[in-house]
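Engineer: This is model.txt, which holds compact mmCIF, C-alpha atoms:
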# COMPACT_ATOMS: atom_id res chain seq x y z
CA MET A 217 0.00 0.00 0.00
CA SER A 218 1.50 3.34 -1.01
CA ALA A 219 1.68 6.28 1.32
CA GLY A 220 -1.52 8.32 1.51
CA GLU A 221 -3.83 5.50 0.38
CA GLY A 222 -6.47 4.21 2.73
CA PRO A 223 -7.69 0.63 3.08
CA PRO A 224 -9.76 -0.82 0.19
CA PRO A 225 -13.52 -0.24 0.50
CA GLU A 226 -15.63 -3.02 1.96
CA PRO A 227 -18.08 -4.78 -0.43
CA SER A 228 -21.58 -3.27 -0.29
CA THR A 229 -24.08 -5.28 1.75
CA ASP A 230 -27.14 -3.22 0.78
CA ASP A 231 -28.61 -6.10 -1.20
CA ASP A 232 -28.54 -8.26 1.91
CA GLU A 233 -30.50 -5.74 3.95
CA PRO A 234 -34.32 -6.11 4.15
CA ASP A 235 -34.84 -2.90 2.18
CA GLY A 236 -32.50 -4.10 -0.52
CA LEU A 237 -34.19 -7.47 -0.86
CA LEU A 238 -37.59 -5.81 -1.03
CA ARG A 239 -36.40 -3.43 -3.71
CA ARG A 240 -35.03 -6.30 -5.77
CA PHE A 241 -38.27 -8.25 -5.30
CA LEU A 242 -40.38 -5.33 -6.49
CA THR A 243 -38.18 -4.33 -9.43
CA ALA A 244 -36.80 -7.62 -10.74
CA GLU A 245 -37.59 -8.10 -14.42
CA THR A 246 -36.26 -11.64 -14.74
CA GLY A 247 -35.47 -14.65 -12.61
CA PRO A 248 -37.13 -16.31 -9.61
CA LEU A 249 -37.94 -13.06 -7.82
CA MET A 250 -40.02 -11.83 -10.76
CA PHE A 251 -41.78 -15.21 -10.98
CA ALA A 252 -42.57 -15.20 -7.25
CA ARG A 253 -43.84 -11.61 -7.44
CA GLU A 254 -46.16 -12.33 -10.36
CA MET A 255 -47.45 -15.49 -8.70
CA LEU A 256 -48.23 -13.67 -5.44
CA THR A 257 -49.88 -10.82 -7.36
CA SER A 258 -52.15 -13.27 -9.20
CA ILE A 259 -53.11 -15.06 -5.99
CA ALA A 260 -53.87 -11.76 -4.26
CA THR A 261 -56.01 -10.60 -7.19
CA VAL A 262 -58.03 -13.82 -7.22
CA ALA A 263 -58.48 -13.62 -3.44
CA ALA A 264 -59.63 -10.01 -3.66
CA VAL A 265 -62.16 -10.81 -6.37
CA GLY A 266 -63.39 -13.80 -4.36
CA LEU A 267 -63.84 -11.69 -1.24
CA LEU A 268 -65.69 -9.03 -3.22
CA LEU A 269 -68.04 -11.61 -4.73
CA PHE A 270 -68.61 -13.12 -1.29
CA ALA A 271 -69.41 -9.69 0.14
CA VAL A 272 -72.05 -9.20 -2.55
CA SER A 273 -73.32 -12.79 -2.61
CA GLY A 274 -73.31 -13.79 1.04
CA VAL A 275 -72.61 -17.43 0.12
CA TRP A 276 -69.38 -19.29 -0.59
CA PRO A 277 -68.53 -20.18 -3.23
CA PRO A 278 -70.67 -17.57 -5.04
CA MET A 279 -70.36 -19.15 -8.50
CA VAL A 280 -71.58 -22.50 -9.82
CA ALA A 281 -71.04 -24.21 -13.19
CA VAL A 282 -74.01 -25.84 -14.92
CA GLU A 283 -73.33 -29.44 -15.90
CA SER A 284 -76.59 -30.60 -17.47
CA SER A 285 -79.59 -29.46 -19.47
CA SER A 286 -82.64 -29.51 -17.20
CA MET A 287 -82.76 -25.69 -17.16
CA SER A 288 -82.21 -25.35 -20.90
CA PRO A 289 -82.58 -23.09 -22.82
CA ASN A 290 -82.41 -20.57 -19.99
CA MET A 291 -79.26 -22.11 -18.51
CA GLN A 292 -76.92 -24.09 -20.72
CA THR A 293 -74.30 -26.68 -19.90
CA GLY A 294 -71.05 -24.82 -19.29
CA ASP A 295 -72.69 -21.64 -18.01
CA LEU A 296 -71.31 -20.00 -14.89
CA ILE A 297 -74.04 -18.83 -12.50
CA PHE A 298 -73.64 -16.15 -9.83
CA VAL A 299 -75.68 -17.03 -6.71
CA THR A 300 -76.73 -14.92 -3.72
CA GLU A 301 -77.96 -16.06 -0.33
CA PRO A 302 -81.74 -16.40 0.14
CA GLY A 303 -83.33 -13.11 1.10
CA ARG A 304 -80.53 -10.90 -0.23
CA PHE A 305 -81.76 -8.29 -2.73
CA ALA A 306 -85.26 -9.74 -2.32
CA PRO A 307 -87.94 -8.14 -4.50
CA ASP A 308 -91.15 -6.88 -2.94
CA ALA A 309 -93.08 -9.83 -4.36
CA ALA A 310 -90.86 -12.42 -2.62
CA ARG A 311 -92.43 -14.86 -0.18
CA GLY A 312 -91.55 -13.79 3.34
CA GLU A 313 -87.84 -13.69 4.03
CA THR A 314 -86.99 -16.37 1.48
CA GLY A 315 -86.28 -13.87 -1.29
CA VAL A 316 -88.11 -16.23 -3.68
CA VAL A 317 -90.77 -15.12 -6.13
CA THR A 318 -92.67 -18.11 -7.46
CA HIS A 319 -93.51 -18.49 -11.14
CA ARG A 320 -97.18 -17.95 -10.33
CA VAL A 321 -96.60 -14.69 -8.44
CA GLY A 322 -93.96 -13.59 -10.93
CA LYS A 323 -96.50 -13.85 -13.71
CA GLU A 324 -98.92 -11.64 -11.76
CA VAL A 325 -96.35 -8.91 -11.05
CA ASP A 326 -94.25 -9.37 -14.22
CA TYR A 327 -91.11 -10.48 -12.35
CA LYS A 328 -88.74 -12.53 -14.53
CA THR A 329 -85.35 -14.17 -14.11
CA PHE A 330 -83.56 -16.19 -16.76
CA ASN A 331 -86.21 -15.53 -19.42
CA ASP A 332 -89.19 -16.78 -17.42
CA PHE A 333 -91.34 -15.78 -14.46
CA GLY A 334 -90.17 -16.43 -10.91
CA THR A 335 -86.90 -17.20 -9.14
CA VAL A 336 -84.40 -19.94 -9.93
CA ILE A 337 -83.26 -21.43 -6.62
CA VAL A 338 -80.44 -23.69 -5.42
CA TYR A 339 -81.72 -26.08 -2.77
CA GLU A 340 -80.56 -29.08 -0.76
CA SER A 341 -81.36 -32.52 -2.07
CA ARG A 342 -81.88 -35.66 0.00
CA GLY A 343 -79.20 -37.03 2.30
CA SER A 344 -75.68 -36.57 1.05
CA SER A 345 -76.74 -35.96 -2.55
CA PRO A 346 -75.57 -32.64 -3.97
CA PRO A 347 -77.93 -29.63 -4.28
CA ILE A 348 -80.23 -28.87 -7.22
CA ILE A 349 -80.88 -25.66 -9.19
CA HIS A 350 -84.47 -25.37 -10.48
CA ARG A 351 -87.25 -22.78 -10.73
CA ALA A 352 -89.78 -22.23 -7.93
CA ARG A 353 -93.23 -22.73 -9.49
CA PHE A 354 -95.65 -22.14 -6.59
CA TRP A 355 -96.04 -22.47 -2.82
CA VAL A 356 -98.09 -25.12 -0.99
CA GLU A 357 -99.20 -25.25 2.63
CA ASP A 358 -98.82 -28.23 4.96
CA GLY A 359 -101.46 -30.83 4.09
CA GLU A 360 -102.64 -28.98 0.98
CA ASN A 361 -104.18 -30.86 -1.93
CA TRP A 362 -102.26 -29.13 -4.70
CA TYR A 363 -103.35 -31.35 -7.58
CA ASP A 364 -105.82 -28.76 -8.88
CA GLU A 365 -103.12 -26.09 -8.85
CA ALA A 366 -100.67 -28.17 -10.87
CA ASN A 367 -100.24 -28.49 -14.60
CA GLU A 368 -101.67 -31.92 -15.46
CA ALA A 369 -98.86 -32.56 -17.93
CA TRP A 370 -96.26 -32.39 -15.18
CA VAL A 371 -97.70 -34.84 -12.62
CA GLN A 372 -96.66 -38.17 -14.19
CA GLY A 373 -100.18 -39.01 -15.37
CA ALA A 374 -101.84 -38.80 -11.95
CA ASP A 375 -105.61 -38.25 -12.05
CA ASN A 376 -105.98 -37.01 -8.48
CA CYS A 377 -104.05 -36.11 -5.35
CA GLU A 378 -103.96 -39.70 -4.08
CA GLU A 379 -102.11 -40.85 -7.21
CA MET A 380 -99.53 -38.06 -7.03
CA ASP A 381 -96.35 -38.10 -4.97
CA ASN A 382 -96.17 -35.57 -2.12
CA CYS A 383 -99.90 -34.87 -2.24
CA PRO A 384 -101.32 -33.83 0.15
CA ALA A 385 -98.21 -31.78 0.84
CA PRO A 386 -96.20 -33.36 3.70
CA HIS A 387 -95.21 -29.84 4.80
CA ALA A 388 -95.26 -26.28 3.51
CA GLY A 389 -92.77 -25.44 0.78
CA PHE A 390 -92.05 -24.59 -2.83
CA ILE A 391 -93.05 -26.80 -5.75
CA THR A 392 -90.12 -26.74 -8.16
CA LYS A 393 -89.26 -27.84 -11.68
CA GLY A 394 -86.43 -27.67 -14.18
CA ASP A 395 -87.47 -25.53 -17.15
CA ASN A 396 -86.55 -28.38 -19.50
CA ASN A 397 -87.90 -31.23 -17.36
CA ALA A 398 -91.09 -33.16 -18.03
CA TYR A 399 -92.36 -33.23 -14.42
CA TYR A 400 -92.30 -31.35 -11.15
CA ASP A 401 -89.45 -32.34 -8.85
CA GLN A 402 -92.06 -33.31 -6.27
CA THR A 403 -93.79 -35.79 -8.62
CA ASN A 404 -90.58 -37.26 -10.00
CA ASN A 405 -89.02 -38.52 -6.75
CA ILE A 406 -86.44 -35.73 -6.73
CA ARG A 407 -87.52 -33.83 -3.60
CA GLU A 408 -90.45 -33.05 -1.33
CA PRO A 409 -91.80 -29.46 -1.36
CA VAL A 410 -88.74 -27.30 -0.74
CA LYS A 411 -88.72 -25.84 2.78
CA PRO A 412 -87.27 -22.33 3.20
CA GLU A 413 -84.49 -23.75 5.39
CA TRP A 414 -83.40 -26.00 2.50
CA LEU A 415 -82.63 -22.99 0.31
CA ILE A 416 -78.94 -22.45 -0.38
CA GLY A 417 -79.19 -19.49 -2.73
CA THR A 418 -80.94 -17.81 -5.64
CA ALA A 419 -79.48 -17.60 -9.13
CA ARG A 420 -78.77 -14.06 -10.32
CA VAL A 421 -76.45 -13.82 -13.33
CA ARG A 422 -75.54 -16.23 -16.12
CA ILE A 423 -72.11 -16.05 -17.76
CA PRO A 424 -71.98 -18.31 -20.84
CA TYR A 425 -69.10 -20.76 -21.40
CA LEU A 426 -66.92 -19.84 -18.41
CA GLY A 427 -68.18 -22.86 -16.48
CA TRP A 428 -66.41 -25.16 -18.93
CA VAL A 429 -63.12 -24.36 -17.18
CA ARG A 430 -64.45 -25.81 -13.92
CA LEU A 431 -66.14 -28.71 -15.70
CA GLY A 432 -62.92 -29.55 -17.51
CA PHE A 433 -60.98 -29.84 -14.25
CA SER A 434 -63.74 -31.93 -12.65
CA GLY A 435 -64.12 -34.26 -15.65
CA ALA A 436 -67.81 -33.42 -15.96
CA ALA A 437 -67.33 -31.88 -19.40
CA THR A 438 -67.22 -35.35 -20.94
CA THR A 439 -69.80 -37.13 -18.78
CA GLY A 440 -72.93 -35.04 -19.23
CA PRO A 441 -76.33 -36.45 -20.23
CA GLY A 442 -77.54 -36.93 -23.77
CA PRO A 443 -79.79 -34.48 -25.60
CA ILE A 444 -83.37 -33.74 -24.57
CA ASP A 445 -86.33 -33.21 -26.85
CA ALA A 446 -85.88 -29.71 -28.21
CA GLY A 447 -89.64 -29.29 -28.44
CA VAL A 448 -90.12 -28.83 -24.70
CA ALA A 449 -91.84 -25.50 -24.08
CA SER A 450 -92.27 -25.66 -20.33
CA ALA A 451 -90.96 -22.15 -19.83
CA THR A 452 -94.13 -20.71 -21.35
CA VAL A 453 -96.76 -22.98 -19.82
CA ASP A 454 -99.07 -21.77 -17.06
CA GLU A 455 -99.55 -23.78 -13.85
CA SER A 456 -103.31 -23.99 -14.33
CA PRO A 457 -104.75 -27.27 -15.70
CA PRO A 458 -104.36 -27.21 -19.50
CA ALA A 459 -107.12 -27.57 -22.06
CA VAL A 460 -107.54 -30.93 -23.77
CA ASN A 461 -105.71 -29.83 -26.90
CA ASP A 462 -103.08 -27.65 -25.24
CA SER A 463 -100.09 -28.03 -27.56
CA ALA A 464 -97.56 -26.92 -24.96
CA SER A 465 -98.74 -29.65 -22.62
CA THR A 466 -98.38 -32.20 -25.39
CA LEU A 467 -94.81 -31.10 -25.96
CA ASN A 468 -94.03 -31.43 -22.27
CA GLY A 469 -95.64 -34.81 -22.11
CA SER A 470 -93.51 -36.04 -24.97
CA VAL A 471 -90.33 -36.06 -22.90
CA ALA A 472 -89.67 -39.27 -20.97
CA GLY A 473 -87.88 -38.81 -17.66
CA ALA A 474 -86.29 -35.88 -15.95
CA VAL A 475 -82.84 -34.41 -15.66
CA GLU A 476 -81.75 -32.63 -12.51
CA THR A 477 -79.64 -29.61 -13.28
CA SER A 478 -76.08 -30.23 -12.16
CA VAL A 479 -73.88 -27.51 -10.80
CA SER A 480 -70.34 -27.65 -9.47
CA VAL A 481 -68.79 -25.32 -6.94
CA VAL A 482 -66.29 -22.89 -8.42
CA GLY A 483 -63.82 -22.16 -5.69
CA PRO A 484 -61.26 -23.84 -3.46
CA GLU A 485 -63.63 -26.67 -2.63
CA SER A 486 -64.16 -29.38 -5.22
CA ARG A 487 -67.56 -30.39 -3.78
CA SER A 488 -70.18 -30.88 -6.47
CA LEU A 489 -73.45 -29.00 -6.07
CA SER A 490 -75.43 -31.21 -8.39
CA SER A 491 -77.27 -34.42 -8.96
CA PRO A 492 -76.58 -36.73 -11.90
CA LEU A 493 -78.90 -37.55 -14.79
CA SER A 494 -82.13 -38.96 -13.39
CA ALA A 495 -84.30 -40.95 -15.75
CA ALA A 496 -87.84 -41.92 -14.91
Turn this file's structure into structure tokens for me.
Structural biologist:
Amino acid sequence: MSAGEGPPPEPSTDDDEPDGLLRRFLTAETGPLMFAREMLTSIATVAAVGLLLFAVSGVWPPMVAVESSSMSPNMQTGDLIFVTEPGRFAPDAARGETGVVTHRVGKEVDYKTFNDFGTVIVYESRGSSPPIIHRARFWVEDGENWYDEANEAWVQGADNCEEMDNCPAPHAGFITKGDNNAYYDQTNNIREPVKPEWLIGTARVRIPYLGWVRLGFSGAATTGPGPIDAGVASATVDESPPAVNDSASTLNGSVAGAVETSVSVVGPESRSLSSPLSAA
């Protein structure tokens, strides 16, 4: 070392300090730090969107993917459906605190969802079977003979209450039906009248095609049911007993069996919210 020269400078340790590492993490344009930053940003964005949807919906997960065709043409296989908890954003015509407007009341007050009168609901099925998404048609009281209120084409050929399942009504609840199904759920061994406490949510918004992503991961995209008679016009048929030559009733009667709409949870859980194809 020559006279007048000081000792060599020590290597900088700024990059090893917390502030230095943070700066590198935030500004890196290549390498593992950039990859980690982009991954964390994506996860945070998805989480924020999920929390926002939950705040609006009140149920988790707030989105379901349609797997079958019992609500066709108003819900198609592969649609993504946004669901809110029962009672949230309830219209004035809703029954009590359920938030549900039946098809019958909806027709009186001109309340429509998914191209037809009344509310589409998600409700619990029997036992450990997954939930079902169908339209609420009308309300029955405990012990009510609801045969005369029903559409004769949708009661599996019953001529009176005694020949019809769940008649008289075993308890108060909603009579439900898939828009593309031949019979009421309550006359096709799908479910008893739907009690308010069985409600999981009400369908609000349909997003076409996005549900295929979820169905692809679950394998349901390749295991759906076969086609249903395209002539079904149940979405336009009144609940009152049809005339002898009611063409819409004939179309409904031409479909053999029923398909429960299948929906799968879109979210961290892989639990299915649906029932499989159900043939009568």
Engineer: Counting only C-alpha atoms, which of A:Met250, A:Cys377, A:Leu296, A:Met291 gets nearest to A:Phe330?
Structural biologist: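 Closest residue, counting only C-alpha atoms: A:Met291.
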Engineer: Any idea what the distance is between atom CA of A:Trp414 and atom CA of A:Ser341?
Structural biologist: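 Pair atom CA of A:Trp414 / atom CA of A:Ser341 returns 8.2 Å.
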Engineer: For A:Ile348, which of A:Pro277, A:Gly322, A:Pro386, A:Gly394 is the closest residue, counting all atoms listed in the file?
Structural biologist: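 Between A:Pro277, A:Gly322, A:Pro386, A:Gly394, the residue approaching A:Ile348 most closely is A:Gly394.
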Engineer: Write out as a list in words the residues lying within 12 Å of A:Asn290, counting all atoms listed in the file and excluding same-chain residues fewer than 6 positions away.
Structural biologist: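 Close residues of A:Asn290: Val282, Ser284, Ile297, Lys328, Thr329, Phe330, Asn331, Asp332, Phe333, Val336, His350, Arg351, Gly394, Asp395, Asn396, Ala419, Val421, Arg422, Ile423, Pro424, Ala449, Ser450, Ala451, Thr452 and Thr477 of chain A.
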